[in-house]
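With CSV, C-alpha atoms inside, this is my_file15.csv:
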```
chain,number,residue,atom,x,y,z
O,267,MET,CA,-4.1,-17.2,3.4
O,268,ALA,CA,-3.5,-18.1,7.0
O,269,LEU,CA,-1.6,-15.7,9.2
O,270,ASP,CA,1.4,-18.0,9.7
O,271,GLU,CA,1.7,-18.4,5.9
O,272,LEU,CA,1.4,-14.6,5.5
O,273,LYS,CA,4.2,-14.1,8.0
O,274,LYS,CA,6.5,-16.3,5.9
O,275,LEU,CA,6.2,-14.2,2.8
O,276,PRO,CA,9.5,-12.3,2.1
O,277,ILE,CA,7.5,-9.1,1.2
O,278,TYR,CA,5.5,-9.2,4.4
O,279,GLN,CA,8.7,-9.8,6.5
O,280,LYS,CA,10.3,-6.8,4.8
O,281,ALA,CA,7.2,-4.7,5.4
O,282,GLU,CA,7.3,-5.7,9.1
O,283,LEU,CA,11.0,-4.8,9.3
O,284,LEU,CA,10.3,-1.4,7.7
O,285,PHE,CA,7.6,-0.8,10.3
O,286,GLN,CA,10.0,-1.7,13.2
O,287,LEU,CA,12.7,0.6,11.7
O,288,VAL,CA,10.2,3.5,11.4
O,289,GLN,CA,9.1,2.9,15.0
O,290,SER,CA,12.7,3.2,16.1
O,291,LEU,CA,13.3,6.3,13.9
O,292,VAL,CA,10.2,8.0,15.3
O,293,ALA,CA,11.3,7.3,18.9
O,294,SER,CA,14.6,9.1,18.2
O,295,LEU,CA,13.0,12.3,16.7
O,296,PRO,CA,13.1,15.5,18.6
O,297,GLU,CA,9.8,16.2,20.5
O,298,GLU,CA,9.9,20.0,20.4
O,299,ASP,CA,9.9,20.3,16.6
O,300,GLU,CA,6.4,20.8,15.1
O,301,TYR,CA,7.4,19.8,11.5
O,302,ILE,CA,9.2,16.6,12.7
O,303,GLN,CA,6.2,15.7,14.9
O,304,ALA,CA,3.8,16.0,11.9
O,305,THR,CA,6.2,14.0,9.7
O,306,LYS,CA,6.5,11.4,12.4
O,307,HIS,CA,2.8,10.7,12.3
O,308,LEU,CA,2.7,10.4,8.5
O,309,MET,CA,5.7,8.0,8.5
O,310,MET,CA,4.0,5.8,11.1
O,311,GLU,CA,0.8,5.8,9.1
O,312,ASP,CA,2.6,4.8,5.9
O,313,ALA,CA,4.6,2.1,7.7
O,314,MET,CA,1.5,0.6,9.3
O,315,ILE,CA,-0.6,0.5,6.1
O,316,ILE,CA,2.0,-1.4,4.0
O,317,PRO,CA,1.8,-4.7,5.9
O,318,ALA,CA,-1.9,-4.4,6.3
O,319,LYS,CA,-2.4,-4.0,2.5
O,320,ILE,CA,-0.2,-7.0,1.8
O,321,ALA,CA,-2.4,-9.0,4.1
O,322,GLY,CA,-5.5,-7.6,2.3
O,323,ALA,CA,-4.0,-8.5,-1.1
O,324,GLU,CA,-3.1,-12.0,0.0
O,325,GLY,CA,-6.5,-12.5,1.6
O,326,GLY,CA,-8.4,-11.3,-1.5
O,327,ASP,CA,-6.6,-13.5,-3.9
O,328,MET,CA,-8.4,-11.9,-6.9
O,329,TYR,CA,-6.2,-10.0,-9.4
O,330,SER,CA,-8.2,-6.8,-9.3
O,331,ILE,CA,-8.2,-6.7,-5.4
O,332,ARG,CA,-4.5,-7.6,-5.3
O,333,MET,CA,-3.6,-4.9,-7.8
O,334,GLN,CA,-5.7,-2.3,-5.9
O,335,ASN,CA,-3.8,-3.1,-2.7
O,336,ALA,CA,-0.5,-3.1,-4.6
O,337,ALA,CA,-1.2,0.4,-5.8
O,338,ILE,CA,-1.9,1.6,-2.3
O,339,ILE,CA,1.2,-0.1,-1.0
O,340,ARG,CA,3.3,1.5,-3.7
O,341,GLU,CA,1.9,5.0,-2.8
O,342,HIS,CA,2.6,4.6,0.9
O,343,ALA,CA,6.1,3.2,0.3
O,344,MET,CA,6.9,6.1,-1.9
O,345,HIS,CA,5.6,8.6,0.7
O,346,LEU,CA,7.7,6.9,3.3
O,347,TYR,CA,10.8,7.1,1.2
O,348,VAL,CA,10.3,10.8,0.7
O,349,GLN,CA,9.4,11.6,4.3
O,350,VAL,CA,12.3,9.7,5.7
O,351,GLY,CA,14.6,11.3,3.2
O,352,SER,CA,13.3,14.8,4.0
O,353,LEU,CA,14.9,14.5,7.5
O,354,ARG,CA,18.3,14.9,5.8
O,355,PHE,CA,17.4,18.6,5.2
O,356,HIS,CA,16.2,19.3,8.7
O,357,LYS,CA,18.7,20.8,11.1
O,358,GLU,CA,17.1,19.1,14.1
O,359,TYR,CA,17.8,15.6,12.8
O,360,LYS,CA,21.4,14.4,12.7
O,361,ASP,CA,21.3,10.6,12.4
O,362,LEU,CA,21.7,10.4,8.6
O,363,GLU,CA,22.9,6.8,8.6
O,364,TYR,CA,19.5,5.8,9.9
O,365,VAL,CA,17.9,7.6,7.0
O,366,LYS,CA,20.1,5.7,4.6
O,367,LEU,CA,19.3,2.4,6.3
O,368,ILE,CA,15.6,2.9,6.0
O,369,ARG,CA,15.8,4.1,2.4
O,370,ASN,CA,17.9,1.1,1.5
O,371,GLU,CA,15.3,-1.2,3.0
O,372,ILE,CA,12.6,0.5,1.0
O,373,ASP,CA,14.6,-0.1,-2.1
O,374,ALA,CA,14.9,-3.8,-1.2
O,375,PHE,CA,11.2,-3.9,-0.5
O,376,ARG,CA,10.6,-2.4,-4.0
O,377,LEU,CA,12.4,-5.3,-5.6
O,378,LEU,CA,10.4,-7.9,-3.6
O,379,PHE,CA,7.2,-5.9,-4.5
O,380,ILE,CA,8.0,-6.2,-8.2
O,381,GLU,CA,8.4,-10.0,-8.0
O,382,TRP,CA,5.3,-10.3,-5.8
O,383,VAL,CA,3.1,-8.4,-8.2
O,384,LYS,CA,4.4,-10.6,-11.1
O,385,SER,CA,3.1,-13.6,-9.2
O,386,PHE,CA,-0.6,-12.4,-9.2
O,387,ASP,CA,-2.9,-14.8,-11.0
O,388,THR,CA,-4.2,-12.9,-14.0
O,389,THR,CA,-6.9,-15.4,-14.7
O,390,ASN,CA,-8.6,-14.9,-11.3
O,391,TYR,CA,-10.2,-11.5,-11.7
O,392,TYR,CA,-13.5,-9.6,-11.8
O,393,TRP,CA,-14.0,-6.9,-14.3
O,394,ASP,CA,-13.0,-3.5,-13.0
O,395,GLU,CA,-15.5,-1.0,-14.4
O,396,TRP,CA,-12.9,1.8,-14.0
O,397,GLU,CA,-10.6,-0.4,-16.1
O,398,LEU,CA,-7.6,0.4,-14.0
O,399,PHE,CA,-7.0,-3.0,-12.4
O,400,ASN,CA,-7.9,-5.4,-15.2
O,401,PRO,CA,-5.2,-7.8,-16.3
O,402,GLU,CA,-3.8,-7.3,-19.8
O,403,GLY,CA,-6.2,-8.7,-22.4
O,404,ALA,CA,-9.1,-9.0,-20.0
O,405,THR,CA,-12.6,-8.6,-21.2
O,406,PRO,CA,-15.8,-8.0,-19.2
O,407,ARG,CA,-17.3,-11.3,-18.0
O,408,VAL,CA,-21.0,-11.3,-18.6
O,409,ASP,CA,-21.8,-14.7,-17.0
O,410,ASP,CA,-19.4,-14.8,-14.1
O,411,GLY,CA,-22.3,-14.8,-11.6
O,412,LEU,CA,-21.0,-11.7,-9.8
O,413,ASN,CA,-23.6,-9.4,-11.5
O,414,GLU,CA,-26.5,-11.7,-11.1
O,415,GLY,CA,-29.4,-9.7,-9.7
O,416,PHE,CA,-27.3,-6.6,-9.5
O,417,ASP,CA,-28.2,-3.4,-11.3
O,418,ILE,CA,-26.0,-0.4,-10.8
O,419,ASN,CA,-29.0,1.8,-11.7
O,420,ASP,CA,-30.7,0.7,-8.5
O,421,PHE,CA,-28.1,2.8,-6.7
O,422,LEU,CA,-28.2,5.7,-9.1
O,423,ASP,CA,-32.0,6.2,-9.5
O,424,PHE,CA,-33.4,8.7,-7.0
O,425,ASP,CA,-37.0,9.2,-6.2
O,426,ASP,CA,-38.1,12.8,-5.6
O,427,ASP,CA,-38.5,11.9,-1.9
O,428,ASP,CA,-34.8,10.8,-1.7
O,429,GLU,CA,-33.4,14.2,-2.8
```

Could I get this file's structure written as structure tokens?
Amino acid sequence: MALDELKKLPIYQKAELLFQLVQSLVASLPEEDEYIQATKHLMMEDAMIIPAKIAGAEGGDMYSIRMQNAAIIREHAMHLYVQVGSLRFHKEYKDLEYVKLIRNEIDAFRLLFIEWVKSFDTTNYYWDEWELFNPEGATPRVDDGLNEGFDINDFLDFDDDDE
């Protein structure tokens, strides 16, 4: 997917908005508070990873890759929701309306996320050996060409010299 197409996706636009809101929030946080400074870095990390993983999912186009990225996006969005919400309990932070705004945007992102994941093509997958990101009803494909010339044991066999 081309960058201009990616930027038109509602989920990507919402992720970018979340990143901008978190940037603004972080700029307003007190510098002298150690806990808030640590939280600030975690919030920025989460906010940056979300749009990057959307881009990765769209670029990969395979169900298994898209689902793996979706799981990472979900994790970081949930972290962000909790981290932003934790500011409500910190005496140094007073702008609770901003907390509500960001959490509402994360909720809106979640709804877009659900629809986005439903749009993944379940017929375009490779078999996930861990069986976590296989579409429902998927079976291992023996002749998909991906395993041609590949033997996992080549990576697991150790010579005495290698140890």

| task | Name all residues at most 9 Å from Ile338 (chain O) (count only C-alpha atoms; drop same-chain ones fewer than 6 positions away) and give them as a ChimeraX atom specification. | result | /O:315-316,319

| said: Every residue with an atom at most 8 Å from (15.5, -9.2, 1.8) (file coordinates; only C-alpha atoms) is what I'm after, so could you write them as a list of chain:residue names? | reply: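 Applying the cut-off with only C-alpha atoms, one gets O:Pro276, O:Lys280, O:Ala374, O:Phe375, O:Leu378.
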
| task | Go through O:Gln279, O:Thr389, O:Gln289, O:Ser294 one by one, measure the shortest atom-to-atom distance of each to Asp361 (chain O) using only C-alpha atoms, and give the residue with the smallest value. | result | O:Ser294

| task | Excluding Ser330 (chain O) and any residue of its chain fewer than 4 positions from it, enumerate the residues within 8 Å of it, using all atoms listed in the file, and give them as a count of residues only. | result | 8

| query | CA of Lys273 (chain O) to CA of Thr305 (chain O): how many Å, to one decimal? | reply | 28.2 Å

| Residue among O:Val288, O:Ile277, O:Met267, O:Ala336 lying closest to Val365 (chain O), counting all atoms listed in the file |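 Result for the nearest residue to Val365 (chain O): O:Val288.
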
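Of the residues listed (O:Ala318, O:Leu295, O:Leu269, O:Ile380), O:Ala318 shows the shortest atom-to-atom separation from His342 (chain O); distances use all atoms listed in the file.
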
| task | Kindly indicate which residue among O:Phe379, O:Trp396, O:Tyr364, O:Asp420 lies nearest to Asn335 (chain O), using all atoms listed in the file for the distances. | result |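 The shortest atom-to-atom distance to Asn335 (chain O) comes from O:Phe379.
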
| message | Between CA of Glu358 (chain O) and CA of Asp299 (chain O), what is the distance in Å, rounded to a tenth? | response |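 Taking CA of Glu358 (chain O) and CA of Asp299 (chain O), their separation equals 7.7 Å.
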
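Of the residues under consideration (O:Met344, O:Val292, O:Ala268, O:Leu283), O:Ala268 shows the shortest atom-to-atom contact distance to Glu324 (chain O) when counting only C-alpha atoms.
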
| request: Choose the residue, out of O:Glu381, O:Ile320, O:Ala313, O:Lys274, that has the smallest atom-to-atom separation from Arg332 (chain O); count only C-alpha atoms. | output: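 Checking each candidate against Arg332 (chain O), we get O:Ile320 as the closest.
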
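Separating CA of Ala343 (chain O) from CA of Gly322 (chain O) is a distance of 16.0 Å.
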
Given 6 Å on each side, where is the centre and what are the edge lengths in Å to one decimal of the axis-aligned box enclosing the listed atoms of region 357-371 of chain O, as AutoDock Vina command-line options?
```
--center_x 19.1 --center_y 9.8 --center_z 7.8 --size_x 19.6 --size_y 34.0 --size_z 24.6
```
